[in-house]
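Q: Below is the structure I would like to discuss, written out as structure tokens.
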Amino acid sequence: MTFSRQETLLTTGLVFLALIIGWVTGAFGWSFFAGTLIWSAAQLRERTRLIRWSSHPLKRPESENEPWQETAYRLYRAIARARARHARTLRQFRNLRALTDSLPDAAVIIDSHGDIENLNNAAQQLLRLSATDRGNHLGSLVRETEFNALLKGQIEGDLIEFASPFNADKRLEARRIIMDEDQVLILVRDVTELNRLLSMRQDFIANVSHELRTPLTVIVGYIETLMNEELDEKTTHELVGKLLSPTTRMRALVDDLLLLTRLEASPSPSAEELASVDMGVILNAIAADARMLSGGRHDIQLDISSRAHVLGIDSELHSACLNLVTNAVRYSPDGGPIRISWTAIPSGARFAVEDRGMGIPREHLSRITERFYRVDLAQSRVRGGTGLGLAIVKHVLKRHNTHLQVKSELARGSTFFCDFPESQLA
Ligand code: ADP
């Protein structure tokens with residue numbers, strides 16, 4: 001037992017006082033008895049104050065210097081430190097909770113029996129679990145054979161992909177991570193979009209390879225024939241001439257691919273990149289090109305009744321309009337009129353290309369701007385299409401705050417148009 005300084009002073013003072021009084025009066029017994037009484041009264045007073053404080057231990061004791069109060073003060077400081085530590089832990093726990101709840105992936109902690117111990121918000125959405133499912137077996141709530149095998153640790157690599165048992169259109173990926181010998185973390189994420197992008201990329205690579213292979217096979221065929229030394233000069237010349245078509249086709253495809261990749265990768269043009277593009281000039285040049293391509297089979301009409309300039313990128317707008325006009329010529333095999341127009345409309349200005357060609361069946365309309373999508377593959381190839389024209393148009397128009405619209409009727413013709421808003425005009 002240790003005495004505080006005040007306690008030592010008080011006790012020593014009282015002993016001395018009792019000794020002096022005892023020596024003076026000769027009544028040592030009585031003076032020590034009186035001293036003990038005073039000392040006990042002081043202790044009682046301190047004890048009462050300590051008891052009073054102990055019913056509110058979070059309040060600072062009245063004094064830190066009196067003997068029992070010092071003990072109370074030490075306790076008070078220990079409690080305050082423990083409270084601060086607890087508050088810190090609680091804050092960290094809340095932060096961690098908010099963090100896991102804001103994750104888009106489901107996180108579920110299960111015990112060694114597979115019963116749910118904890119779960120985040122995404123688990124409630126992806127796996128249709130709720131907070132009240134704590135304590136229930138995860139495998140009996142998500143009834144999927146492979147998922148259950150994963151929970152039991154029976155899957156090599158601890159990773160599976162499976163169709164969501166709650167939404168047939170969704171694909172989920174689940175991962176099992178051992179946290180310690182009693183706890184396992186199950187992470188589940190929605191990979192539907194990722195899968196779609198991956199398969200789009202695979203399709204794209206397959207399409208590009210196929211598109212390049214066709215003209216390459218033709219070129220190789222001609223070259224093999226040319227290697228025959230017995231060919232006369234006229235035939236050789238003819239064969240070399242035939243190489244032009246497949247090589248031109250390959251170049252068109254590579255050019256379109258490069259342009260499309262650049263458009264897809266570039267951010268929206270900044271104000272400094274935009275120029276005032278005179279659509280009249282562009283469309284006059286395109287109409288001349290279209291007349292050349294048509295070889296006089298079509299009646300190409302040009303109607304420029306708006307003087308509005310577009311705030312945009314000249315080369316991109318030229319490429320988009322040329323693609324639409326070229327398609328009109330390409331898919332109007334029997335000739336007929338093709339009308340290219342740039343007209344004022346209440347909301348701004350409209351660019352339109354109208355033909356009386358093959359038209360597009362209704363069921364294909366929503367897909368024709370997809371890369372390599374063709375209504376009729378053979379027709380497109382014969383006419384020199386790359387399958388990328390409308391995809392390029394779509395991207396260019398998007399970068400100019402507008403979008404492609406189509407009206408088409410099978411065997412009657414099509415109208416492709418887009419409306420530039422006032423804000424995009426100079
Ligand atoms: P392509 O290089 O094959 O023309 P596009 O992306 O330009 O590729 O067009 C996609 C498909 O849309 C074409 O293959 C064609 O089937 C259809 N198409 C486009 N423009 C027209 C049109 N004016 N008339 C009829 N069909 C069209």
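FYI, nothing fancy with the structure tokens labels: chains A, B, ... in order, residues from 1 per chain, ligands from 1 as they appear.
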Where does DSSP see strand (DSSP E) in region 100-214 of chain A, if you list the residues as a PyMOL selection string?
A: chain A and resi 106-111+116-119+159-163+171-180+183-190
Q: Those residues you just picked out, can you put them in a file as a JSON list (two decimals), in the first residue's frame with N, CA and C atoms?
A:
[["chain", "number", "residue", "atom", "x", "y", "z"],
["A", 106, "ALA", "N", -20.18, -8.05, -53.93],
["A", 106, "ALA", "CA", -20.74, -8.60, -52.70],
["A", 106, "ALA", "C", -19.63, -9.23, -51.88],
["A", 107, "ALA", "N", -19.64, -8.96, -50.56],
["A", 107, "ALA", "CA", -18.65, -9.58, -49.67],
["A", 107, "ALA", "C", -19.42, -10.23, -48.53],
["A", 108, "VAL", "N", -19.23, -11.54, -48.36],
["A", 108, "VAL", "CA", -19.92, -12.26, -47.29],
["A", 108, "VAL", "C", -18.88, -13.05, -46.49],
["A", 109, "ILE", "N", -18.91, -12.87, -45.17],
["A", 109, "ILE", "CA", -17.99, -13.66, -44.33],
["A", 109, "ILE", "C", -18.79, -14.83, -43.77],
["A", 110, "ILE", "N", -18.27, -16.04, -43.98],
["A", 110, "ILE", "CA", -18.96, -17.21, -43.43],
["A", 110, "ILE", "C", -18.03, -17.93, -42.45],
["A", 111, "ASP", "N", -18.63, -18.68, -41.54],
["A", 111, "ASP", "CA", -17.79, -19.43, -40.59],
["A", 111, "ASP", "C", -17.45, -20.80, -41.18],
["A", 116, "ILE", "N", -23.54, -17.57, -42.38],
["A", 116, "ILE", "CA", -23.17, -16.17, -42.61],
["A", 116, "ILE", "C", -22.88, -15.46, -41.30],
["A", 117, "GLU", "N", -21.72, -14.80, -41.26],
["A", 117, "GLU", "CA", -21.39, -13.99, -40.08],
["A", 117, "GLU", "C", -21.61, -12.52, -40.38],
["A", 118, "ASN", "N", -21.24, -12.10, -41.57],
["A", 118, "ASN", "CA", -21.38, -10.70, -41.93],
["A", 118, "ASN", "C", -21.53, -10.54, -43.43],
["A", 119, "LEU", "N", -22.17, -9.45, -43.86],
["A", 119, "LEU", "CA", -22.34, -9.24, -45.30],
["A", 119, "LEU", "C", -22.46, -7.74, -45.57],
["A", 159, "LEU", "N", -12.28, -20.18, -57.65],
["A", 159, "LEU", "CA", -12.89, -19.14, -58.48],
["A", 159, "LEU", "C", -13.87, -19.79, -59.45],
["A", 160, "ILE", "N", -15.10, -19.27, -59.50],
["A", 160, "ILE", "CA", -16.06, -19.83, -60.47],
["A", 160, "ILE", "C", -16.84, -18.69, -61.14],
["A", 161, "GLU", "N", -17.43, -19.00, -62.29],
["A", 161, "GLU", "CA", -18.35, -18.08, -62.92],
["A", 161, "GLU", "C", -19.65, -18.85, -63.11],
["A", 162, "PHE", "N", -20.76, -18.24, -62.77],
["A", 162, "PHE", "CA", -22.03, -18.98, -62.86],
["A", 162, "PHE", "C", -23.18, -18.02, -63.19],
["A", 163, "ALA", "N", -24.26, -18.62, -63.69],
["A", 163, "ALA", "CA", -25.44, -17.80, -64.02],
["A", 163, "ALA", "C", -26.14, -17.46, -62.71],
["A", 171, "ARG", "N", -24.37, -12.81, -65.27],
["A", 171, "ARG", "CA", -23.31, -13.76, -64.97],
["A", 171, "ARG", "C", -22.55, -13.25, -63.76],
["A", 172, "LEU", "N", -22.32, -14.14, -62.81],
["A", 172, "LEU", "CA", -21.61, -13.73, -61.60],
["A", 172, "LEU", "C", -20.29, -14.49, -61.49],
["A", 173, "GLU", "N", -19.33, -13.83, -60.84],
["A", 173, "GLU", "CA", -18.05, -14.49, -60.59],
["A", 173, "GLU", "C", -17.86, -14.53, -59.07],
["A", 174, "ALA", "N", -17.58, -15.70, -58.54],
["A", 174, "ALA", "CA", -17.41, -15.82, -57.08],
["A", 174, "ALA", "C", -16.01, -16.31, -56.77],
["A", 175, "ARG", "N", -15.45, -15.74, -55.69],
["A", 175, "ARG", "CA", -14.08, -16.09, -55.27],
["A", 175, "ARG", "C", -14.11, -16.44, -53.79],
["A", 176, "ARG", "N", -13.35, -17.46, -53.41],
["A", 176, "ARG", "CA", -13.31, -17.86, -51.99],
["A", 176, "ARG", "C", -11.94, -17.54, -51.44],
["A", 177, "ILE", "N", -11.93, -16.75, -50.35],
["A", 177, "ILE", "CA", -10.64, -16.36, -49.76],
["A", 177, "ILE", "C", -10.65, -16.79, -48.29],
["A", 178, "ILE", "N", -9.66, -17.58, -47.89],
["A", 178, "ILE", "CA", -9.59, -18.03, -46.49],
["A", 178, "ILE", "C", -9.01, -16.90, -45.64],
["A", 179, "MET", "N", -9.78, -16.44, -44.62],
["A", 179, "MET", "CA", -9.29, -15.35, -43.77],
["A", 179, "MET", "C", -8.50, -15.92, -42.60],
["A", 180, "ASP", "N", -9.07, -16.88, -41.89],
["A", 180, "ASP", "CA", -8.34, -17.63, -40.87],
["A", 180, "ASP", "C", -9.01, -19.00, -40.77],
["A", 183, "GLN", "N", -12.85, -18.55, -40.50],
["A", 183, "GLN", "CA", -13.63, -17.62, -41.34],
["A", 183, "GLN", "C", -13.17, -17.64, -42.80],
["A", 184, "VAL", "N", -14.18, -17.54, -43.68],
["A", 184, "VAL", "CA", -13.90, -17.51, -45.12],
["A", 184, "VAL", "C", -14.64, -16.31, -45.71],
["A", 185, "LEU", "N", -13.95, -15.60, -46.60],
["A", 185, "LEU", "CA", -14.59, -14.46, -47.26],
["A", 185, "LEU", "C", -15.02, -14.90, -48.66],
["A", 186, "ILE", "N", -16.29, -14.65, -48.98],
["A", 186, "ILE", "CA", -16.79, -14.97, -50.32],
["A", 186, "ILE", "C", -17.04, -13.65, -51.04],
["A", 187, "LEU", "N", -16.33, -13.44, -52.15],
["A", 187, "LEU", "CA", -16.51, -12.22, -52.94],
["A", 187, "LEU", "C", -17.26, -12.57, -54.21],
["A", 188, "VAL", "N", -18.31, -11.81, -54.52],
["A", 188, "VAL", "CA", -19.08, -12.09, -55.74],
["A", 188, "VAL", "C", -19.22, -10.79, -56.53],
["A", 189, "ARG", "N", -18.93, -10.85, -57.83],
["A", 189, "ARG", "CA", -19.11, -9.63, -58.64],
["A", 189, "ARG", "C", -19.88, -9.95, -59.92],
["A", 190, "ASP", "N", -20.52, -8.91, -60.45],
["A", 190, "ASP", "CA", -21.31, -9.05, -61.66],
["A", 190, "ASP", "C", -20.37, -8.89, -62.86]]
Q: At a cut-off of 7 Å and counting only C-alpha atoms and all ligand atoms, what residues surround ligand 1? Please answer as a PyMOL selection string.
A: chain A and resi 323-324+327-328+331-332+355+357-360+368-369+371-377+380-381+384-391+413-414
Q: Go ahead and dump the residues you just picked, N, CA and C atoms, as a JSON list (two decimals), in the first residue's frame.
A:
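Writing done, so here's result22.json:
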[["chain", "number", "residue", "atom", "x", "y", "z"],
["A", 323, "ASN", "N", -19.59, 8.82, -96.05],
["A", 323, "ASN", "CA", -20.03, 7.43, -95.82],
["A", 323, "ASN", "C", -21.52, 7.28, -96.12],
["A", 324, "LEU", "N", -22.33, 8.25, -95.67],
["A", 324, "LEU", "CA", -23.78, 8.14, -95.87],
["A", 324, "LEU", "C", -24.14, 8.27, -97.35],
["A", 327, "ASN", "N", -23.01, 5.14, -99.24],
["A", 327, "ASN", "CA", -23.96, 4.04, -99.00],
["A", 327, "ASN", "C", -25.21, 4.19, -99.87],
["A", 328, "ALA", "N", -25.68, 5.44, -99.99],
["A", 328, "ALA", "CA", -26.89, 5.67, -100.80],
["A", 328, "ALA", "C", -26.65, 5.21, -102.24],
["A", 331, "TYR", "N", -26.13, 1.18, -102.22],
["A", 331, "TYR", "CA", -27.33, 0.35, -101.98],
["A", 331, "TYR", "C", -28.55, 0.80, -102.79],
["A", 332, "SER", "N", -28.26, 1.52, -103.90],
["A", 332, "SER", "CA", -29.32, 1.82, -104.87],
["A", 332, "SER", "C", -28.85, 1.27, -106.21],
["A", 355, "ASP", "N", -32.43, 8.13, -100.45],
["A", 355, "ASP", "CA", -32.30, 7.36, -101.70],
["A", 355, "ASP", "C", -33.55, 6.54, -101.94],
["A", 357, "GLY", "N", -33.33, 3.32, -102.92],
["A", 357, "GLY", "CA", -32.63, 2.06, -103.18],
["A", 357, "GLY", "C", -33.28, 0.85, -102.52],
["A", 358, "MET", "N", -32.42, -0.04, -102.04],
["A", 358, "MET", "CA", -32.87, -1.34, -101.53],
["A", 358, "MET", "C", -33.70, -1.24, -100.24],
["A", 359, "GLY", "N", -33.43, -0.22, -99.45],
["A", 359, "GLY", "CA", -34.11, -0.11, -98.16],
["A", 359, "GLY", "C", -33.58, -1.14, -97.17],
["A", 360, "ILE", "N", -33.97, -0.98, -95.91],
["A", 360, "ILE", "CA", -33.47, -1.88, -94.86],
["A", 360, "ILE", "C", -34.66, -2.48, -94.11],
["A", 368, "ILE", "N", -27.69, -1.60, -87.44],
["A", 368, "ILE", "CA", -26.80, -1.30, -88.58],
["A", 368, "ILE", "C", -25.60, -0.42, -88.23],
["A", 369, "THR", "N", -25.60, 0.23, -87.06],
["A", 369, "THR", "CA", -24.41, 1.04, -86.73],
["A", 369, "THR", "C", -23.38, 0.22, -85.95],
["A", 371, "ARG", "N", -20.34, -2.38, -85.45],
["A", 371, "ARG", "CA", -19.19, -2.66, -86.32],
["A", 371, "ARG", "C", -19.39, -3.99, -87.05],
["A", 372, "PHE", "N", -19.18, -4.00, -88.33],
["A", 372, "PHE", "CA", -19.25, -5.16, -89.21],
["A", 372, "PHE", "C", -20.66, -5.75, -89.35],
["A", 373, "TYR", "N", -21.67, -5.00, -88.91],
["A", 373, "TYR", "CA", -23.02, -5.53, -89.08],
["A", 373, "TYR", "C", -23.50, -5.20, -90.49],
["A", 374, "ARG", "N", -23.91, -6.20, -91.21],
["A", 374, "ARG", "CA", -24.44, -5.96, -92.56],
["A", 374, "ARG", "C", -25.79, -6.64, -92.70],
["A", 375, "VAL", "N", -26.69, -5.97, -93.42],
["A", 375, "VAL", "CA", -28.00, -6.60, -93.68],
["A", 375, "VAL", "C", -27.77, -7.78, -94.62],
["A", 376, "ASP", "N", -26.94, -7.54, -95.60],
["A", 376, "ASP", "CA", -26.63, -8.59, -96.57],
["A", 376, "ASP", "C", -25.12, -8.55, -96.83],
["A", 377, "LEU", "N", -24.41, -9.52, -96.25],
["A", 377, "LEU", "CA", -22.94, -9.50, -96.30],
["A", 377, "LEU", "C", -22.43, -9.51, -97.74],
["A", 380, "SER", "N", -22.83, -6.20, -99.50],
["A", 380, "SER", "CA", -21.90, -5.20, -99.00],
["A", 380, "SER", "C", -20.51, -5.42, -99.60],
["A", 381, "ARG", "N", -20.07, -6.71, -99.62],
["A", 381, "ARG", "CA", -18.72, -7.02, -100.13],
["A", 381, "ARG", "C", -18.62, -6.65, -101.61],
["A", 384, "GLY", "N", -18.11, -3.14, -102.20],
["A", 384, "GLY", "CA", -16.90, -2.51, -101.63],
["A", 384, "GLY", "C", -17.08, -1.98, -100.22],
["A", 385, "GLY", "N", -18.12, -2.43, -99.51],
["A", 385, "GLY", "CA", -18.32, -1.95, -98.13],
["A", 385, "GLY", "C", -17.36, -2.63, -97.16],
["A", 386, "THR", "N", -17.01, -1.91, -96.11],
["A", 386, "THR", "CA", -16.12, -2.50, -95.10],
["A", 386, "THR", "C", -16.91, -2.94, -93.88],
["A", 387, "GLY", "N", -18.16, -2.51, -93.78],
["A", 387, "GLY", "CA", -18.96, -2.85, -92.61],
["A", 387, "GLY", "C", -18.69, -1.91, -91.43],
["A", 388, "LEU", "N", -17.87, -0.88, -91.68],
["A", 388, "LEU", "CA", -17.52, 0.02, -90.58],
["A", 388, "LEU", "C", -18.07, 1.44, -90.79],
["A", 389, "GLY", "N", -18.63, 1.67, -92.00],
["A", 389, "GLY", "CA", -19.06, 3.03, -92.35],
["A", 389, "GLY", "C", -20.00, 3.67, -91.34],
["A", 390, "LEU", "N", -21.09, 2.97, -91.02],
["A", 390, "LEU", "CA", -22.09, 3.58, -90.11],
["A", 390, "LEU", "C", -21.58, 3.67, -88.68],
["A", 391, "ALA", "N", -20.66, 2.74, -88.32],
["A", 391, "ALA", "CA", -20.08, 2.83, -86.96],
["A", 391, "ALA", "C", -19.26, 4.13, -86.87],
["A", 413, "GLY", "N", -36.48, 2.46, -100.31],
["A", 413, "GLY", "CA", -35.42, 3.45, -100.09],
["A", 413, "GLY", "C", -35.25, 3.85, -98.63],
["A", 414, "SER", "N", -34.23, 4.65, -98.41],
["A", 414, "SER", "CA", -33.90, 5.03, -97.03],
["A", 414, "SER", "C", -33.59, 6.53, -96.95]]
Q: So, counting only C-alpha atoms, which residue among A:Pro361, A:Pro421, A:Gly221, A:Gly26 is closest to Lys407 (chain A)?
A: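 Residue with the minimum atom-to-atom distance to Lys407 (chain A): A:Pro361.
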Q: Give me, as a list in words, all polymer residues having an atom no more than 9 Å from region 294-299 of chain A, counting only C-alpha atoms and skipping those fewer than 2 positions away in the same chain.
A: Asp289, Ala290, Arg291, Met292, Gln301, Thr326, Val329, Arg330, Ser332, Pro333, Asp334, Gly335, Gly336, Pro337, Ile338 and Arg339 of chain A
Q: For Arg143 (chain A), list every protein, DNA or RNA residue within 9 Å, evaluated using only C-alpha atoms, and leave out those in the same chain fewer than 5 positions away; present the list as a PyMOL selection string.
A: chain A and resi 138+148+165
Q: Take the residues just selected and output them with C-alpha atoms as a PDB file, in the first residue's frame.
A:
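Final output, selection_35.pdb:
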ATOM      1  CA  LEU A 138     -25.116 -19.275 -47.315  1.00  0.00           C
ATOM      2  CA  ASN A 148     -22.041 -24.605 -53.094  1.00  0.00           C
ATOM      3  CA  PRO A 165     -29.936 -17.935 -59.766  1.00  0.00           C
TER       4      PRO A 165
END
Q: So which residues touch Leu103 (chain A) within 9 Å, counting only C-alpha atoms, skipping near sequence neighbours fewer than 4 positions away, as a PDB file with N, CA, C and O atoms, in the first residue's frame?
A:
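Okay, this is what ended up in part12.pdb:
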ATOM      1  N   ALA A  98     -18.576   1.360 -43.847  1.00  0.00           N
ATOM      2  CA  ALA A  98     -18.972   2.223 -44.970  1.00  0.00           C
ATOM      3  C   ALA A  98     -18.208   1.820 -46.219  1.00  0.00           C
ATOM      4  O   ALA A  98     -18.763   1.810 -47.325  1.00  0.00           O
ATOM      5  N   LEU A  99     -16.931   1.455 -46.030  1.00  0.00           N
ATOM      6  CA  LEU A  99     -16.099   1.060 -47.165  1.00  0.00           C
ATOM      7  C   LEU A  99     -16.648  -0.205 -47.816  1.00  0.00           C
ATOM      8  O   LEU A  99     -16.868  -0.256 -49.024  1.00  0.00           O
ATOM      9  N   ALA A 107     -19.635  -8.958 -50.564  1.00  0.00           N
ATOM     10  CA  ALA A 107     -18.651  -9.583 -49.668  1.00  0.00           C
ATOM     11  C   ALA A 107     -19.425 -10.234 -48.531  1.00  0.00           C
ATOM     12  O   ALA A 107     -20.207  -9.573 -47.848  1.00  0.00           O
ATOM     13  N   ASN A 120     -22.148  -7.338 -46.801  1.00  0.00           N
ATOM     14  CA  ASN A 120     -22.257  -5.914 -47.124  1.00  0.00           C
ATOM     15  C   ASN A 120     -23.524  -5.650 -47.957  1.00  0.00           C
ATOM     16  O   ASN A 120     -24.275  -6.565 -48.278  1.00  0.00           O
ATOM     17  N   ASN A 121     -23.707  -4.366 -48.326  1.00  0.00           N
ATOM     18  CA  ASN A 121     -24.911  -3.975 -49.071  1.00  0.00           C
ATOM     19  C   ASN A 121     -25.032  -4.692 -50.404  1.00  0.00           C
ATOM     20  O   ASN A 121     -26.120  -5.146 -50.776  1.00  0.00           O
ATOM     21  N   ALA A 122     -23.885  -4.779 -51.133  1.00  0.00           N
ATOM     22  CA  ALA A 122     -23.938  -5.384 -52.467  1.00  0.00           C
ATOM     23  C   ALA A 122     -24.386  -6.840 -52.386  1.00  0.00           C
ATOM     24  O   ALA A 122     -25.022  -7.352 -53.316  1.00  0.00           O
TER      25      ALA A 122
END
Q: Could you work out how far CA of Thr132 (chain A) lies from CA of Leu90 (chain A), giving the answer in Å with one decimal?
A: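 Atom-to-atom, CA of Leu90 (chain A) and CA of Thr132 (chain A) are spaced 22.1 Å apart.
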Q: Could you check how far CA of Val325 (chain A) sits from CA of His309 (chain A), in Å to one decimal?
A: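 A separation of 19.4 Å between them.
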Q: Go ahead and compute the interatomic distance for CA of Leu258 (chain A) and CA of His395 (chain A), in Å to one decimal.
A: 13.1 Å
Q: Between A:Val310, A:Arg362, A:Glu233, A:Ser102, which is the closest to Glu409 (chain A) once you count only C-alpha atoms?
A: A:Arg362
Q: Which polymer residues have any atom within 12 Å of an atom of Ser245 (chain A), counting only C-alpha atoms, with same-chain residues fewer than 2 positions away left out, as a short mmCIF file (atom, residue, chain, number, x, y, z; two decimals) with C-alpha atoms, in the first residue's frame?
A:
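Generated output (result_37.cif):
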data_model
loop_
_atom_site.label_atom_id
_atom_site.label_comp_id
_atom_site.auth_asym_id
_atom_site.auth_seq_id
_atom_site.Cartn_x
_atom_site.Cartn_y
_atom_site.Cartn_z
CA THR A 214 -10.75 -12.68 -98.05
CA PRO A 215 -8.84 -10.13 -100.20
CA LEU A 216 -5.51 -11.63 -99.09
CA VAL A 218 -7.46 -13.47 -103.74
CA ILE A 219 -4.09 -11.64 -103.85
CA TYR A 222 -3.12 -14.11 -108.40
CA LEU A 239 -3.47 -10.38 -113.69
CA VAL A 240 -1.49 -7.51 -112.15
CA GLY A 241 -4.47 -5.25 -112.86
CA LYS A 242 -6.70 -7.66 -110.97
CA LEU A 243 -4.60 -7.21 -107.85
CA THR A 247 -5.60 -4.36 -102.31
CA THR A 248 -7.84 -1.30 -102.53
CA ARG A 249 -10.35 -3.16 -100.42
CA MET A 250 -7.74 -4.00 -97.82
CA ARG A 251 -6.55 -0.40 -97.71
CA ALA A 252 -10.15 0.84 -97.28
CA ARG A 381 -18.72 -7.02 -100.13
CA VAL A 382 -19.64 -6.85 -103.81
CA ARG A 383 -20.18 -3.11 -103.44
CA GLY A 384 -16.90 -2.51 -101.63
#
Q: Skipping near chain neighbours, those fewer than 3 positions away, what residues fall within 7 Å of Ser31 (chain A) using only C-alpha atoms, listed as a count of residues only?
A: 7
Q: I'd like to know which of A:Val254, A:Glu224, A:Asn167, A:Thr236 is closest to Val208 (chain A), using only C-alpha atoms.
A: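 Under the stated criterion, the closest residue is A:Val254.
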Q: Counting only C-alpha atoms, figure out which residue out of A:Val396, A:Gly348, A:Leu260, A:Thr11 gets nearest to Cys321 (chain A).
A: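 Closest to Cys321 (chain A), using only C-alpha atoms: A:Val396.
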